[in-house]
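Let me begin by presenting the structure, written as structure tokens, before commenting on it.
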Amino acid sequence: MLGVSTRLATTAVAIFAMSSVVVAAECTREGLLAAANSYLEAQASGKIDGLKLSATNFTYQLNNKVSDIKTGVLSQPLKIDLNRSTADTTACASYTMLISATGSKPYVIATQIRHESNDTSSIAMIDTIAATTGALFFNAQKTLGYIQQENWGTLDEAQRSSREELKRVGDAYLDMWTDAKAADSIPWGTDCERVEGSQLTRPCGATLPRGGSQKNNGNRRYVIDETVGSVDVLCSFDSLGNMPDSHEVRLEGGKVKYVHTVTVLQ
């Protein structure tokens, strides 16, 4: 009887293990981009009904503050002139950049969407930095003109940087205001372009900060997509005064190609 009991217990454990594998959620690129597209549809319509928000654990954050999604920028219909999304299957998160330059109120918006337990069927967090008139170097029409010329296509395997390197470069960029050596640790491309608000710098490795501030740019949240060489970091830009901020960097062949910033003055 003991042998039978042992075999039954072993079988039960095996069945439970198999069932656990079957039900385990997988965070897919397709699922992340589908959720990002639903966010874009909501922003275009100003209606959140189509968003599959978590019923038990959802947070809407606007310019680094927990806010009411029903009264935030998502409640305003925007004419979207340009958008682009990246997907991070490791963090189960996406990043979307959108520009509304020709609507009644211009915006440049950076949004990270996060999902819990690798389940892209519901959204756990929408985290948005929304810049409009009065933001740092803000001119949505000029920003649109610059970014429309860029190529953010999928990179060949040989041109991709590792997740660790992308994060390192993103951090080094934000560390330039506190660390005099950070700028020299970044692999600048000779043809890189930096768009800060509507201010274009080319090459982007010119006129760089080299320390001087005692306050780190903190509260960093990452979305990393190796397939397009992108790292986006939302943060509090504390080095210059507690400003909600997004910095996105693209690496091609191990070198910085593009830098985008969205910074809100408070």
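The chains in the structure tokens are called A, B, ... from first to last as shown; in each chain the residues are counted from 1, and the ligands are counted from 1 in the order shown.
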
Env of Thr227 of chain A: 9 Å cut, atoms = only C-alpha atoms, seq-sep filter 4 positions within chain, self excluded. Answer as a compact mmCIF listing (two decimals) with N, CA, C and O atoms, in the first residue's frame.
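Generated file (out.txt):
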```
# COMPACT_ATOMS: atom_id res chain seq x y z
N THR A 86 7.81 50.45 -28.64
CA THR A 86 8.79 49.39 -28.46
C THR A 86 8.27 48.41 -27.42
O THR A 86 7.38 48.74 -26.64
N ALA A 87 8.85 47.21 -27.40
CA ALA A 87 8.35 46.15 -26.52
C ALA A 87 9.50 45.50 -25.75
O ALA A 87 10.54 45.18 -26.33
N GLY A 153 13.79 51.30 -37.79
CA GLY A 153 13.50 49.94 -38.22
C GLY A 153 14.21 48.90 -37.36
O GLY A 153 15.15 49.20 -36.62
N THR A 154 13.75 47.65 -37.47
CA THR A 154 14.35 46.54 -36.74
C THR A 154 15.81 46.36 -37.17
O THR A 154 16.12 46.41 -38.36
N LEU A 155 16.68 46.15 -36.21
CA LEU A 155 18.10 45.98 -36.49
C LEU A 155 18.43 44.52 -36.80
O LEU A 155 17.84 43.60 -36.23
N ASP A 156 19.40 44.31 -37.69
CA ASP A 156 19.94 42.98 -37.89
C ASP A 156 20.60 42.52 -36.59
O ASP A 156 21.07 43.34 -35.80
N GLU A 157 20.65 41.21 -36.38
CA GLU A 157 21.22 40.67 -35.16
C GLU A 157 22.61 41.24 -34.87
O GLU A 157 22.94 41.57 -33.72
N ARG A 160 22.74 44.67 -33.10
CA ARG A 160 22.05 44.86 -31.84
C ARG A 160 23.01 44.86 -30.65
O ARG A 160 24.00 44.12 -30.64
N SER A 161 22.69 45.67 -29.66
CA SER A 161 23.41 45.67 -28.40
C SER A 161 22.65 44.84 -27.38
O SER A 161 21.43 44.64 -27.51
```

Enumerate, as a list in words, the complete set of residues in segment 85-162 of chain A that a backbone-based DSSP assignment places in helix (DSSP H, G or I). Ala140, Gln141, Lys142, Thr143, Leu144, Gly145, Tyr146, Ile147, Glu157, Ala158 and Gln159 of chain A

Next, the residues of the selection above should be written as a short mmCIF file (atom, residue, chain, number, x, y, z; two decimals), in the first residue's frame with C-alpha atoms.
```cif
data_model
loop_
_atom_site.label_atom_id
_atom_site.label_comp_id
_atom_site.auth_asym_id
_atom_site.auth_seq_id
_atom_site.Cartn_x
_atom_site.Cartn_y
_atom_site.Cartn_z
CA ALA A 140 5.64 69.92 -31.28
CA GLN A 141 5.72 70.89 -34.95
CA LYS A 142 9.52 71.16 -35.00
CA THR A 143 9.89 67.93 -33.01
CA LEU A 144 7.62 66.17 -35.48
CA GLY A 145 9.70 67.41 -38.41
CA TYR A 146 12.93 66.08 -36.93
CA ILE A 147 11.64 62.69 -35.82
CA GLU A 157 21.22 40.67 -35.16
CA ALA A 158 24.81 41.80 -35.72
CA GLN A 159 23.82 45.44 -35.17
#
```

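Atom CA of Gly241 of chain A is found 25.8 Å from atom CA of Ile69 of chain A.
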
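The residue that comes closest to Ala91 of chain A, out of A:Ser117, A:Thr261, A:Asn216, A:Thr207 and on the basis of only C-alpha atoms, is A:Ser117.
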
Atom pair atom CA of Arg84 of chain A / atom CA of Pro106 of chain A: separation (Å):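 So the answer is 17.2 Å.
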
To one decimal place in Å, what is the distance between atom CA of Thr178 of chain A and atom CA of Tyr258 of chain A? 21.9 Å

Non-local contacts of segment 35-45 of chain A (12 Å; only C-alpha atoms; under 3 positions in same chain excluded) as a PyMOL selection string: chain A and resi 27-32+48-53+69-70+72-88+92-100+103+107+109-115+119-128+130

From segment 2-250 of chain A, collect each residue whose DSSP state is strand (DSSP E) and return the set as a VMD selection string. chain A and resid 59 to 62 65 to 66 82 to 88 93 to 100 107 to 114 125 to 131 188 to 196 199 to 201 218 to 225 230 to 237 243 to 250

Within 7 Å of Arg202 of chain A, counting only C-alpha atoms, which residues show up once you throw out same-chain ones fewer than 6 positions away? Write them as a PyMOL selection string, please. chain A and resi 192-194

Keeping only all heavy atoms, write those residues as a short mmCIF file (atom, residue, chain, number, x, y, z; two decimals), in the first residue's frame.
```cif
data_model
loop_
_atom_site.label_atom_id
_atom_site.label_comp_id
_atom_site.auth_asym_id
_atom_site.auth_seq_id
_atom_site.Cartn_x
_atom_site.Cartn_y
_atom_site.Cartn_z
N CYS A 192 25.24 60.74 -34.93
CA CYS A 192 24.08 60.68 -34.03
C CYS A 192 23.38 62.04 -33.95
O CYS A 192 23.98 63.10 -34.19
CB CYS A 192 24.51 60.22 -32.64
SG CYS A 192 25.64 61.31 -31.79
N GLU A 193 22.08 61.97 -33.62
CA GLU A 193 21.25 63.17 -33.51
C GLU A 193 20.54 63.16 -32.16
O GLU A 193 20.03 62.13 -31.74
CB GLU A 193 20.23 63.23 -34.64
CG GLU A 193 20.85 63.29 -36.02
CD GLU A 193 19.80 63.35 -37.11
OE1 GLU A 193 18.59 63.26 -36.79
OE2 GLU A 193 20.18 63.47 -38.29
N ARG A 194 20.48 64.32 -31.53
CA ARG A 194 19.81 64.46 -30.24
C ARG A 194 18.69 65.49 -30.37
O ARG A 194 18.93 66.62 -30.79
CB ARG A 194 20.82 64.92 -29.19
CG ARG A 194 20.29 64.99 -27.78
CD ARG A 194 21.40 65.25 -26.78
NE ARG A 194 21.76 66.64 -26.63
CZ ARG A 194 22.99 67.13 -26.71
NH1 ARG A 194 24.00 66.31 -26.97
NH2 ARG A 194 23.22 68.41 -26.54
#
```

For segment 179-186 of chain A: contacts at 7 Å, only C-alpha atoms, fewer than 2 positions along chain excluded, given as a PyMOL selection string: chain A and resi 169+172-173+175-177+188+208+210-211

Name the closest residue to Gly212 of chain A among the candidates A:Gly170, A:Ser230, A:Glu165, A:Ser239; distances are taken between atoms, counting only C-alpha atoms.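 Among the listed residues, A:Ser239 lies closest to Gly212 of chain A.
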